[in-house]
>>> print(open('entry.cif').read())   # mmCIF, C-alpha atoms
data_query
loop_
_atom_site.label_atom_id
_atom_site.label_comp_id
_atom_site.auth_asym_id
_atom_site.auth_seq_id
_atom_site.Cartn_x
_atom_site.Cartn_y
_atom_site.Cartn_z
CA MET H 1 13.77 113.66 165.96
CA LYS H 2 15.61 111.54 168.51
CA ARG H 3 16.46 113.44 171.67
CA SER H 4 19.80 113.09 173.43
CA ASN H 5 20.06 111.93 177.05
CA THR H 6 20.85 115.51 178.01
CA GLN H 7 17.71 116.82 176.32
CA LYS H 8 15.51 114.09 177.84
CA LEU H 9 16.91 114.79 181.30
CA LYS H 10 16.58 118.55 180.90
CA ASP H 11 12.96 118.18 179.75
CA ALA H 12 12.12 115.87 182.67
CA LEU H 13 13.67 118.20 185.27
CA GLU H 14 12.07 121.24 183.68
CA ASP H 15 8.67 119.52 183.86
CA ASP H 16 9.21 118.60 187.53
CA ILE H 17 10.13 122.21 188.39
CA ILE H 18 7.35 123.81 186.39
CA ASN H 19 4.69 121.51 187.84
CA GLY H 20 5.89 121.83 191.43
CA ARG H 21 7.31 118.35 191.95
CA LEU H 22 10.67 120.03 192.56
CA MET H 23 10.03 123.04 194.80
CA PRO H 24 11.94 126.36 194.88
CA GLY H 25 15.05 125.92 197.03
CA ALA H 26 15.26 122.15 196.54
CA ARG H 27 18.80 120.85 195.95
CA LEU H 28 19.52 118.79 192.83
CA ASP H 29 21.86 115.95 193.76
CA PRO H 30 23.78 114.71 190.67
CA GLU H 31 24.25 111.21 192.10
CA GLU H 32 20.56 110.83 192.90
CA LEU H 33 19.65 112.08 189.44
CA ALA H 34 22.11 109.63 187.85
CA LEU H 35 20.43 106.74 189.66
CA LYS H 36 16.91 107.98 188.98
CA PHE H 37 17.39 108.48 185.23
CA GLY H 38 19.99 105.78 184.63
CA VAL H 39 22.54 108.08 183.01
CA SER H 40 26.13 109.15 183.61
CA ARG H 41 27.19 112.42 185.22
CA THR H 42 27.94 114.08 181.87
CA PRO H 43 24.34 114.54 180.63
CA ILE H 44 23.34 115.61 184.14
CA ARG H 45 26.00 118.32 184.16
CA GLU H 46 24.97 119.47 180.67
CA ALA H 47 21.26 119.49 181.56
CA ILE H 48 21.91 121.54 184.69
CA GLN H 49 23.91 124.04 182.65
CA GLN H 50 20.97 124.45 180.26
CA LEU H 51 18.50 124.86 183.15
CA ALA H 52 20.78 127.49 184.70
CA VAL H 53 20.79 129.46 181.44
CA SER H 54 16.96 129.39 181.40
CA GLY H 55 16.89 130.64 185.01
CA LEU H 56 15.12 127.60 186.47
CA VAL H 57 18.07 126.59 188.66
CA THR H 58 20.96 128.38 190.34
CA VAL H 59 24.44 126.96 190.77
CA GLU H 60 26.18 127.97 193.99
CA PRO H 61 29.93 127.21 194.10
CA LYS H 62 30.87 124.60 196.76
CA LYS H 63 27.20 124.30 197.79
CA GLY H 64 25.44 122.72 194.84
CA THR H 65 22.59 123.31 192.42
CA PHE H 66 19.18 124.48 193.63
CA VAL H 67 15.78 125.10 192.09
CA ALA H 68 15.63 128.88 191.67
CA LYS H 69 13.70 131.08 194.08
CA VAL H 70 12.11 134.16 192.57
CA GLY H 71 11.37 137.18 194.77
CA ILE H 72 8.05 139.01 194.47
CA GLU H 73 9.69 142.16 193.03
CA GLN H 74 11.41 140.18 190.28
CA LEU H 75 8.18 138.31 189.58
CA ILE H 76 6.29 141.55 189.07
CA GLU H 77 9.03 142.79 186.74
CA MET H 78 8.81 139.56 184.75
CA PHE H 79 5.03 139.85 184.51
CA GLU H 80 5.43 143.44 183.27
CA VAL H 81 7.66 142.23 180.44
CA MET H 82 5.30 139.32 179.78
CA ALA H 83 2.38 141.75 179.47
CA GLU H 84 4.23 143.74 176.80
CA LEU H 85 5.19 140.63 174.82
CA GLU H 86 1.65 139.26 174.97
CA SER H 87 0.13 142.60 173.99
CA MET H 88 2.42 142.76 170.96
CA CYS H 89 1.33 139.25 169.96
CA GLY H 90 -2.30 140.34 170.30
CA ARG H 91 -1.81 143.45 168.18
CA LEU H 92 -0.13 141.50 165.39
CA ALA H 93 -2.63 138.64 165.60
CA ALA H 94 -5.54 141.06 165.14
CA ARG H 95 -3.92 142.23 161.90
CA ARG H 96 -2.56 138.92 160.59
CA ILE H 97 -4.70 136.04 161.85
CA SER H 98 -5.93 133.66 159.15
CA ALA H 99 -9.43 132.16 158.94
CA VAL H 100 -8.12 128.77 160.08
CA GLU H 101 -6.21 130.34 162.99
CA LEU H 102 -9.29 132.30 164.04
CA GLU H 103 -11.26 129.05 164.05
CA ASN H 104 -8.57 127.42 166.21
CA LEU H 105 -8.70 130.37 168.62
CA ALA H 106 -12.49 130.05 168.83
CA THR H 107 -12.11 126.35 169.63
CA ALA H 108 -9.56 127.11 172.35
CA LEU H 109 -11.94 129.70 173.82
CA ALA H 110 -14.79 127.16 173.85
CA ARG H 111 -12.59 124.68 175.71
CA CYS H 112 -11.79 127.33 178.31
CA GLU H 113 -15.54 127.88 178.69
CA GLU H 114 -16.07 124.17 179.27
CA ALA H 115 -13.35 124.04 181.94
CA ILE H 116 -15.02 126.98 183.69
CA LYS H 117 -18.35 125.13 183.71
CA GLN H 118 -16.61 122.14 185.30
CA GLY H 119 -14.92 124.38 187.88
CA ASP H 120 -11.62 122.66 187.10
CA SER H 121 -8.77 125.15 187.59
CA ASP H 122 -6.10 122.71 186.35
CA GLU H 123 -8.05 121.96 183.17
CA TYR H 124 -8.69 125.66 182.66
CA TYR H 125 -4.98 126.33 183.08
CA TYR H 126 -4.05 123.99 180.22
CA GLU H 127 -6.82 125.24 177.95
CA ASN H 128 -5.71 128.78 178.81
CA GLU H 129 -2.21 127.86 177.65
CA ASP H 130 -3.59 126.69 174.31
CA PHE H 131 -5.60 129.90 173.90
CA HIS H 132 -2.48 132.02 174.35
CA ASN H 133 -0.40 129.78 172.08
CA CYS H 134 -2.98 130.26 169.33
CA ILE H 135 -2.44 134.02 169.61
CA TYR H 136 1.35 133.65 169.52
CA ARG H 137 1.14 131.62 166.31
CA ALA H 138 -1.34 134.06 164.77
CA SER H 139 1.13 136.92 165.27
CA HIS H 140 3.15 135.42 162.40
CA ASN H 141 6.34 136.59 164.08
CA ALA H 142 8.33 133.48 164.99
CA PHE H 143 10.97 135.36 167.00
CA LEU H 144 8.36 137.17 169.10
CA ALA H 145 6.40 133.95 169.64
CA GLU H 146 9.50 132.08 170.83
CA GLU H 147 10.60 134.86 173.21
CA THR H 148 7.08 135.01 174.65
CA ARG H 149 6.94 131.23 175.15
CA GLN H 150 10.33 131.19 176.89
CA LEU H 151 9.32 133.81 179.43
CA LYS H 152 5.95 132.11 179.89
CA GLN H 153 7.80 128.90 180.76
CA ARG H 154 9.72 130.67 183.52
CA LEU H 155 6.49 132.11 184.89
CA LYS H 156 4.49 128.91 184.47
CA PRO H 157 4.29 127.87 188.16
CA TYR H 158 3.21 131.38 189.12
CA ARG H 159 0.68 131.78 186.29
CA ARG H 160 -0.85 128.53 187.44
CA LEU H 161 -0.82 129.75 191.04
CA GLN H 162 -2.49 132.98 189.98
CA LEU H 163 -5.56 131.09 188.75
CA GLN H 164 -6.14 129.69 192.23
CA VAL H 165 -6.91 133.17 193.61
CA ARG H 166 -10.65 133.45 194.31
CA GLN H 167 -12.68 134.57 191.26
CA ARG H 168 -9.53 134.89 189.13
CA MET H 169 -10.54 132.01 186.84
CA VAL H 170 -13.97 133.56 186.15
CA ASN H 171 -12.45 137.00 185.53
CA SER H 172 -9.77 135.48 183.31
CA MET H 173 -12.47 133.85 181.18
CA GLN H 174 -14.26 137.16 180.66
CA GLU H 175 -10.95 138.73 179.64
CA HIS H 176 -10.46 135.90 177.12
CA ARG H 177 -13.84 136.67 175.57
CA GLU H 178 -12.90 140.34 175.17
CA ILE H 179 -9.50 139.42 173.69
CA PHE H 180 -11.13 137.05 171.20
CA SER H 181 -13.71 139.67 170.20
CA ALA H 182 -11.01 142.26 169.54
CA ILE H 183 -8.91 139.87 167.45
CA GLU H 184 -11.97 138.62 165.55
CA SER H 185 -12.98 142.18 164.66
CA GLY H 186 -9.41 143.08 163.68
CA ASP H 187 -9.13 145.83 166.30
CA ALA H 188 -5.38 145.76 166.94
CA ALA H 189 -5.36 148.57 169.53
CA VAL H 190 -8.06 146.96 171.68
CA ALA H 191 -6.51 143.48 171.37
CA GLU H 192 -3.17 144.92 172.48
CA ASP H 193 -4.71 146.69 175.49
CA ARG H 194 -6.87 143.71 176.56
CA LEU H 195 -3.91 141.32 176.54
CA ARG H 196 -1.70 143.75 178.43
CA GLN H 197 -4.30 144.16 181.17
CA HIS H 198 -4.95 140.41 181.17
CA VAL H 199 -1.34 139.64 182.12
CA LEU H 200 -0.39 142.66 184.27
CA ILE H 201 -0.60 142.18 188.04
CA GLN H 202 -1.65 145.42 189.68
CA GLY H 203 -4.08 146.89 192.20
CA GLU H 204 -6.12 144.30 194.09
CA ARG H 205 -4.71 141.53 191.93
CA PHE H 206 -1.22 142.41 193.15
CA SER H 207 -2.09 141.97 196.85
CA ASP H 208 -3.98 138.73 196.16
CA PHE H 209 -1.13 137.38 194.06
CA ALA H 210 1.54 138.43 196.58
CA SER H 211 -0.37 136.60 199.31
CA SER H 212 -0.55 133.45 197.18
CA VAL H 213 3.17 133.61 196.34
CA LYS H 214 4.02 133.96 200.03
CA LYS H 215 1.93 130.91 200.87
CA PHE H 216 3.51 128.98 197.98
CA SER H 217 7.01 129.92 199.16
CA LEU H 218 6.27 128.80 202.73
CA GLN H 219 4.98 125.46 201.42
CA ALA H 220 8.11 125.08 199.30
CA GLU H 221 10.41 125.81 202.24
CA LYS H 222 8.52 123.32 204.42
CA ALA H 223 8.79 120.64 201.72
CA VAL H 224 12.53 121.26 201.34
CA GLU H 225 13.08 121.04 205.11
CA GLU H 226 11.08 117.81 205.31
CA ALA H 227 13.13 116.35 202.46
CA LYS H 228 16.34 117.22 204.31
CA GLY H 229 15.04 115.66 207.52
#
>>> encode(input="entry.cif", output="C-alpha coordinates")
Amino acid sequence: MKRSNTQKLKDALEDDIINGRLMPGARLDPEELALKFGVSRTPIREAIQQLAVSGLVTVEPKKGTFVAKVGIEQLIEMFEVMAELESMCGRLAARRISAVELENLATALARCEEAIKQGDSDEYYYENEDFHNCIYRASHNAFLAEETRQLKQRLKPYRRLQLQVRQRMVNSMQEHREIFSAIESGDAAVAEDRLRQHVLIQGERFSDFASSVKKFSLQAEKAVEEAKG
(Lines of atoms letter the chains of each structure in order from A and count residues from 1; the text may use other names and numbers.)
(Lines give C-alpha, C1' and ligand atoms only; values in the text may rest on other atoms or scores of the structure.)
Protein backbone atom coordinates (compact mmCIF):
# COMPACT_ATOMS: atom_id res chain seq x y z
CA MET A 1 0.00 0.00 0.00
CA LYS A 2 1.37 3.38 -1.02
CA ARG A 3 1.72 5.77 1.90
CA SER A 4 0.79 9.44 1.67
CA ASN A 5 3.31 12.21 2.34
CA THR A 6 1.57 12.82 5.65
CA GLN A 7 1.94 9.18 6.69
CA LYS A 8 5.60 9.03 5.60
CA LEU A 9 6.37 12.23 7.52
CA LYS A 10 4.47 11.08 10.60
CA ASP A 11 6.30 7.73 10.58
CA ALA A 12 9.70 9.43 10.19
CA LEU A 13 9.06 11.89 13.04
CA GLU A 14 7.64 9.15 15.24
CA ASP A 15 10.77 7.07 14.65
CA ASP A 16 13.03 10.04 15.49
CA ILE A 17 11.14 10.68 18.74
CA ILE A 18 10.95 7.04 19.81
CA ASN A 19 14.65 6.44 19.15
CA GLY A 20 15.82 9.63 20.85
CA ARG A 21 16.95 11.61 17.81
CA LEU A 22 14.32 14.18 18.76
CA MET A 23 14.53 14.68 22.52
CA PRO A 24 11.70 15.58 24.94
CA GLY A 25 11.18 19.35 24.87
CA ALA A 26 12.64 19.82 21.38
CA ARG A 27 10.68 22.24 19.18
CA LEU A 28 9.43 21.05 15.79
CA ASP A 29 9.89 23.86 13.27
CA PRO A 30 7.48 23.45 10.30
CA GLU A 31 9.77 25.33 7.90
CA GLU A 32 12.79 23.21 8.82
CA LEU A 33 10.73 20.06 8.44
CA ALA A 34 9.45 21.22 5.04
CA LEU A 35 13.02 21.67 3.84
CA LYS A 36 14.26 18.43 5.38
CA PHE A 37 11.52 16.23 3.92
CA GLY A 38 10.85 18.20 0.73
CA VAL A 39 7.12 18.61 1.33
CA SER A 40 4.64 21.45 1.69
CA ARG A 41 3.27 22.74 4.98
CA THR A 42 0.00 20.80 4.64
CA PRO A 43 1.35 17.27 5.27
CA ILE A 44 3.51 18.67 8.07
CA ARG A 45 0.46 20.17 9.77
CA GLU A 46 -1.49 16.93 9.32
CA ALA A 47 1.39 14.78 10.62
CA ILE A 48 1.78 16.98 13.70
CA GLN A 49 -1.95 16.68 14.39
CA GLN A 50 -1.66 12.88 14.29
CA LEU A 51 1.40 12.90 16.58
CA ALA A 52 -0.47 15.16 19.02
CA VAL A 53 -3.36 12.68 19.14
CA SER A 54 -0.90 9.86 19.95
CA GLY A 55 0.62 11.98 22.74
CA LEU A 56 4.13 12.15 21.26
CA VAL A 57 4.02 15.93 20.76
CA THR A 58 2.26 18.85 22.41
CA VAL A 59 1.00 21.93 20.60
CA GLU A 60 1.25 25.15 22.59
CA PRO A 61 -0.70 28.10 21.13
CA LYS A 62 1.55 30.98 19.96
CA LYS A 63 4.65 29.02 21.04
CA GLY A 64 4.85 26.05 18.71
CA THR A 65 4.96 22.28 18.72
CA PHE A 66 7.26 20.38 21.07
CA VAL A 67 8.24 16.77 21.65
CA ALA A 68 6.20 15.74 24.70
CA LYS A 69 7.73 15.54 28.16
CA VAL A 70 6.33 12.86 30.42
CA GLY A 71 6.58 13.25 34.21
CA ILE A 72 7.61 10.31 36.38
CA GLU A 73 4.15 10.04 37.99
CA GLN A 74 2.44 9.82 34.61
CA LEU A 75 5.03 7.30 33.44
CA ILE A 76 4.32 5.04 36.39
CA GLU A 77 0.58 5.30 35.70
CA MET A 78 1.18 4.37 32.06
CA PHE A 79 3.32 1.39 33.07
CA GLU A 80 0.54 0.26 35.44
CA VAL A 81 -1.94 0.24 32.55
CA MET A 82 0.65 -1.43 30.31
CA ALA A 83 1.12 -4.19 32.90
CA GLU A 84 -2.61 -4.93 32.90
CA LEU A 85 -2.83 -5.00 29.10
CA GLU A 86 0.21 -7.27 28.82
CA SER A 87 -1.07 -9.59 31.54
CA MET A 88 -4.37 -9.94 29.71
CA CYS A 89 -2.50 -10.80 26.51
CA GLY A 90 -0.52 -13.42 28.43
CA ARG A 91 -3.63 -14.99 29.95
CA LEU A 92 -5.36 -15.27 26.58
CA ALA A 93 -2.21 -16.48 24.83
CA ALA A 94 -1.82 -19.33 27.34
CA ARG A 95 -5.34 -20.46 26.42
CA ARG A 96 -5.31 -19.77 22.68
CA ILE A 97 -1.77 -20.02 21.32
CA SER A 98 -1.36 -22.30 18.30
CA ALA A 99 1.50 -24.75 17.74
CA VAL A 100 3.02 -22.46 15.10
CA GLU A 101 2.71 -19.41 17.37
CA LEU A 102 4.32 -21.31 20.24
CA GLU A 103 7.21 -22.20 17.95
CA ASN A 104 7.56 -18.53 16.97
CA LEU A 105 7.57 -17.54 20.64
CA ALA A 106 10.28 -20.12 21.35
CA THR A 107 12.36 -18.69 18.50
CA ALA A 108 11.93 -15.16 19.85
CA LEU A 109 13.02 -16.38 23.29
CA ALA A 110 16.13 -18.01 21.80
CA ARG A 111 17.05 -14.75 20.07
CA CYS A 112 16.72 -12.90 23.38
CA GLU A 113 19.07 -15.49 24.89
CA GLU A 114 21.61 -14.87 22.14
CA ALA A 115 21.48 -11.10 22.66
CA ILE A 116 22.10 -11.67 26.38
CA LYS A 117 25.17 -13.77 25.59
CA GLN A 118 26.48 -10.96 23.40
CA GLY A 119 25.79 -8.39 26.14
CA ASP A 120 24.08 -6.20 23.54
CA SER A 121 21.29 -4.20 25.24
CA ASP A 122 20.09 -2.65 21.96
CA GLU A 123 19.85 -6.05 20.25
CA TYR A 124 18.12 -7.48 23.31
CA TYR A 125 15.64 -4.60 23.22
CA TYR A 126 14.56 -5.40 19.66
CA GLU A 127 14.38 -9.15 20.28
CA ASN A 128 12.40 -8.37 23.44
CA GLU A 129 9.95 -6.40 21.30
CA ASP A 130 9.46 -9.42 19.03
CA PHE A 131 8.91 -11.71 22.03
CA HIS A 132 6.11 -9.48 23.33
CA ASN A 133 4.58 -9.07 19.87
CA CYS A 134 4.38 -12.86 19.56
CA ILE A 135 2.32 -12.92 22.76
CA TYR A 136 0.03 -10.13 21.54
CA ARG A 137 -0.70 -12.06 18.33
CA ALA A 138 -1.23 -15.31 20.25
CA SER A 139 -3.94 -13.65 22.35
CA HIS A 140 -6.16 -13.80 19.24
CA ASN A 141 -7.81 -10.55 20.30
CA ALA A 142 -7.00 -7.97 17.63
CA PHE A 143 -8.45 -5.03 19.57
CA LEU A 144 -6.47 -5.87 22.70
CA ALA A 145 -3.29 -6.40 20.68
CA GLU A 146 -3.64 -3.03 18.94
CA GLU A 147 -4.35 -1.13 22.18
CA THR A 148 -1.33 -2.78 23.80
CA ARG A 149 0.95 -1.91 20.86
CA GLN A 150 -0.19 1.72 20.87
CA LEU A 151 0.63 2.21 24.54
CA LYS A 152 3.90 0.33 24.09
CA GLN A 153 4.83 2.81 21.35
CA ARG A 154 4.33 5.73 23.72
CA LEU A 155 6.47 4.02 26.34
CA LYS A 156 9.11 2.82 23.88
CA PRO A 157 11.91 5.29 24.80
CA TYR A 158 11.40 4.53 28.48
CA ARG A 159 11.17 0.74 28.06
CA ARG A 160 14.45 0.93 26.21
CA LEU A 161 15.92 3.12 28.94
CA GLN A 162 14.76 0.65 31.57
CA LEU A 163 16.95 -2.09 30.09
CA GLN A 164 20.05 0.02 30.68
CA VAL A 165 19.61 -0.23 34.47
CA ARG A 166 22.27 -2.56 35.91
CA GLN A 167 21.23 -6.25 35.88
CA ARG A 168 17.81 -5.40 34.41
CA MET A 169 18.56 -7.16 31.11
CA VAL A 170 19.58 -10.39 32.89
CA ASN A 171 16.52 -10.26 35.17
CA SER A 172 14.27 -9.51 32.21
CA MET A 173 15.57 -12.61 30.43
CA GLN A 174 14.76 -14.82 33.41
CA GLU A 175 11.26 -13.34 33.49
CA HIS A 176 10.89 -14.16 29.78
CA ARG A 177 11.76 -17.79 30.48
CA GLU A 178 9.10 -17.99 33.19
CA ILE A 179 6.51 -16.31 30.92
CA PHE A 180 7.29 -18.75 28.10
CA SER A 181 7.06 -21.74 30.45
CA ALA A 182 3.64 -20.63 31.71
CA ILE A 183 2.28 -20.07 28.21
CA GLU A 184 3.75 -23.35 26.95
CA SER A 185 2.10 -25.28 29.78
CA GLY A 186 -1.21 -23.46 29.26
CA ASP A 187 -1.24 -22.00 32.77
CA ALA A 188 -3.23 -18.82 32.15
CA ALA A 189 -3.14 -17.57 35.76
CA VAL A 190 0.65 -17.85 36.04
CA ALA A 191 1.22 -16.34 32.58
CA GLU A 192 -0.99 -13.40 33.56
CA ASP A 193 0.87 -12.84 36.84
CA ARG A 194 4.36 -13.22 35.32
CA LEU A 195 3.65 -10.66 32.59
CA ARG A 196 2.12 -8.20 35.05
CA GLN A 197 5.18 -8.38 37.30
CA HIS A 198 7.48 -8.21 34.26
CA VAL A 199 6.10 -4.81 33.22
CA LEU A 200 5.24 -3.21 36.59
CA ILE A 201 7.81 -0.80 38.02
CA GLN A 202 7.82 -1.03 41.80
CA GLY A 203 10.11 -1.41 44.79
CA GLU A 204 13.81 -1.22 43.97
CA ARG A 205 13.03 -1.14 40.26
CA PHE A 206 11.08 2.08 40.79
CA SER A 207 14.01 3.96 42.37
CA ASP A 208 16.44 2.66 39.72
CA PHE A 209 14.06 3.59 36.93
CA ALA A 210 13.30 7.03 38.39
CA SER A 211 17.03 7.75 38.58
CA SER A 212 17.48 6.74 34.94
CA VAL A 213 14.53 8.88 33.81
CA LYS A 214 15.96 11.88 35.67
CA LYS A 215 19.32 11.41 33.95
CA PHE A 216 17.58 11.00 30.58
CA SER A 217 15.56 14.18 31.13
CA LEU A 218 18.67 16.18 32.05
CA GLN A 219 20.41 14.94 28.88
CA ALA A 220 17.36 15.89 26.83
CA GLU A 221 17.24 19.40 28.32
CA LYS A 222 20.96 19.87 27.67
CA ALA A 223 20.56 18.74 24.06
CA VAL A 224 17.63 21.13 23.54
CA GLU A 225 19.59 24.05 25.01
CA GLU A 226 22.60 23.27 22.82
CA ALA A 227 20.35 23.13 19.76
CA LYS A 228 18.95 26.56 20.64
CA GLY A 229 22.44 27.99 21.13
>>> atom_distance(input="entry.cif", atom1="atom CA of Arg149 of chain H", atom2="atom CA of Glu129 of chain H")
10.1 Å
>>> closest_residue(input="entry.cif", among="H:Phe131, H:Phe37, H:Tyr158, H:Tyr126", to="Glu86 of chain H", atoms="all atoms listed in the file")
H:Phe131
>>> residues_near_point(input="entry.cif", point="(-6.8, 139.8, 176.9)", cutoff="12 Å", atoms="only C-alpha atoms", output="PDB file with C-alpha atoms, in the frame of the given file")
ATOM      1  CA  ALA H  83       2.380 141.750 179.470  1.00  0.00           C
ATOM      2  CA  GLU H  84       4.230 143.740 176.800  1.00  0.00           C
ATOM      3  CA  GLU H  86       1.650 139.260 174.970  1.00  0.00           C
ATOM      4  CA  SER H  87       0.130 142.600 173.990  1.00  0.00           C
ATOM      5  CA  MET H  88       2.420 142.760 170.960  1.00  0.00           C
ATOM      6  CA  CYS H  89       1.330 139.250 169.960  1.00  0.00           C
ATOM      7  CA  GLY H  90      -2.300 140.340 170.300  1.00  0.00           C
ATOM      8  CA  ARG H  91      -1.810 143.450 168.180  1.00  0.00           C
ATOM      9  CA  ALA H  94      -5.540 141.060 165.140  1.00  0.00           C
ATOM     10  CA  LEU H 109     -11.940 129.700 173.820  1.00  0.00           C
ATOM     11  CA  ASN H 128      -5.710 128.780 178.810  1.00  0.00           C
ATOM     12  CA  PHE H 131      -5.600 129.900 173.900  1.00  0.00           C
ATOM     13  CA  HIS H 132      -2.480 132.020 174.350  1.00  0.00           C
ATOM     14  CA  ILE H 135      -2.440 134.020 169.610  1.00  0.00           C
ATOM     15  CA  ASN H 171     -12.450 137.000 185.530  1.00  0.00           C
ATOM     16  CA  SER H 172      -9.770 135.480 183.310  1.00  0.00           C
ATOM     17  CA  MET H 173     -12.470 133.850 181.180  1.00  0.00           C
ATOM     18  CA  GLN H 174     -14.260 137.160 180.660  1.00  0.00           C
ATOM     19  CA  GLU H 175     -10.950 138.730 179.640  1.00  0.00           C
ATOM     20  CA  HIS H 176     -10.460 135.900 177.120  1.00  0.00           C
ATOM     21  CA  ARG H 177     -13.840 136.670 175.570  1.00  0.00           C
ATOM     22  CA  GLU H 178     -12.900 140.340 175.170  1.00  0.00           C
ATOM     23  CA  ILE H 179      -9.500 139.420 173.690  1.00  0.00           C
ATOM     24  CA  PHE H 180     -11.130 137.050 171.200  1.00  0.00           C
ATOM     25  CA  SER H 181     -13.710 139.670 170.200  1.00  0.00           C
ATOM     26  CA  ALA H 182     -11.010 142.260 169.540  1.00  0.00           C
ATOM     27  CA  ILE H 183      -8.910 139.870 167.450  1.00  0.00           C
ATOM     28  CA  ALA H 188      -5.380 145.760 166.940  1.00  0.00           C
ATOM     29  CA  ALA H 189      -5.360 148.570 169.530  1.00  0.00           C
ATOM     30  CA  VAL H 190      -8.060 146.960 171.680  1.00  0.00           C
ATOM     31  CA  ALA H 191      -6.510 143.480 171.370  1.00  0.00           C
ATOM     32  CA  GLU H 192      -3.170 144.920 172.480  1.00  0.00           C
ATOM     33  CA  ASP H 193      -4.710 146.690 175.490  1.00  0.00           C
ATOM     34  CA  ARG H 194      -6.870 143.710 176.560  1.00  0.00           C
ATOM     35  CA  LEU H 195      -3.910 141.320 176.540  1.00  0.00           C
ATOM     36  CA  ARG H 196      -1.700 143.750 178.430  1.00  0.00           C
ATOM     37  CA  GLN H 197      -4.300 144.160 181.170  1.00  0.00           C
ATOM     38  CA  HIS H 198      -4.950 140.410 181.170  1.00  0.00           C
ATOM     39  CA  VAL H 199      -1.340 139.640 182.120  1.00  0.00           C
ATOM     40  CA  LEU H 200      -0.390 142.660 184.270  1.00  0.00           C
TER      41      LEU H 200
END
>>> closest_residue(input="entry.cif", among="H:Lys69, H:Arg137, H:Lys152, H:Arg159", to="Leu22 of chain H", atoms="all atoms listed in the file")
H:Lys69
>>> closest_atom_pairs(input="entry.cif", of="segment 83-185 of chain H", to="segment 42-61 of chain H", cutoff="12 Å", atoms="all atoms listed in the file", output="JSON lines")
{"residue": "H:Glu147", "atom": "CA", "partner": "H:Ser54", "partner_atom": "CA", "distance": 11.7}
{"residue": "H:Arg149", "atom": "CA", "partner": "H:Ser54", "partner_atom": "CA", "distance": 12.0}
{"residue": "H:Gln150", "atom": "CA", "partner": "H:Ser54", "partner_atom": "CA", "distance": 8.2}
{"residue": "H:Leu151", "atom": "CA", "partner": "H:Ser54", "partner_atom": "CA", "distance": 9.0}
{"residue": "H:Lys152", "atom": "CA", "partner": "H:Ser54", "partner_atom": "CA", "distance": 11.4}
{"residue": "H:Gln153", "atom": "CA", "partner": "H:Ser54", "partner_atom": "CA", "distance": 9.2}
{"residue": "H:Arg154", "atom": "CA", "partner": "H:Leu56", "partner_atom": "CA", "distance": 6.9}
{"residue": "H:Leu155", "atom": "CA", "partner": "H:Leu56", "partner_atom": "CA", "distance": 9.9}
{"residue": "H:Lys156", "atom": "CA", "partner": "H:Leu56", "partner_atom": "CA", "distance": 10.9}
{"residue": "H:Pro157", "atom": "CA", "partner": "H:Leu56", "partner_atom": "CA", "distance": 11.0}
>>> atom_distance(input="entry.cif", atom1="atom CA of Arg41 of chain H", atom2="atom CA of Leu9 of chain H")
11.3 Å
>>> atom_distance(input="entry.cif", atom1="atom CA of Ile76 of chain H", atom2="atom CA of Ile201 of chain H")
7.0 Å
>>> closest_residue(input="entry.cif", among="H:Arg21, H:Lys62, H:His140, H:Lys36", to="Glu101 of chain H", atoms="all atoms listed in the file")
H:His140
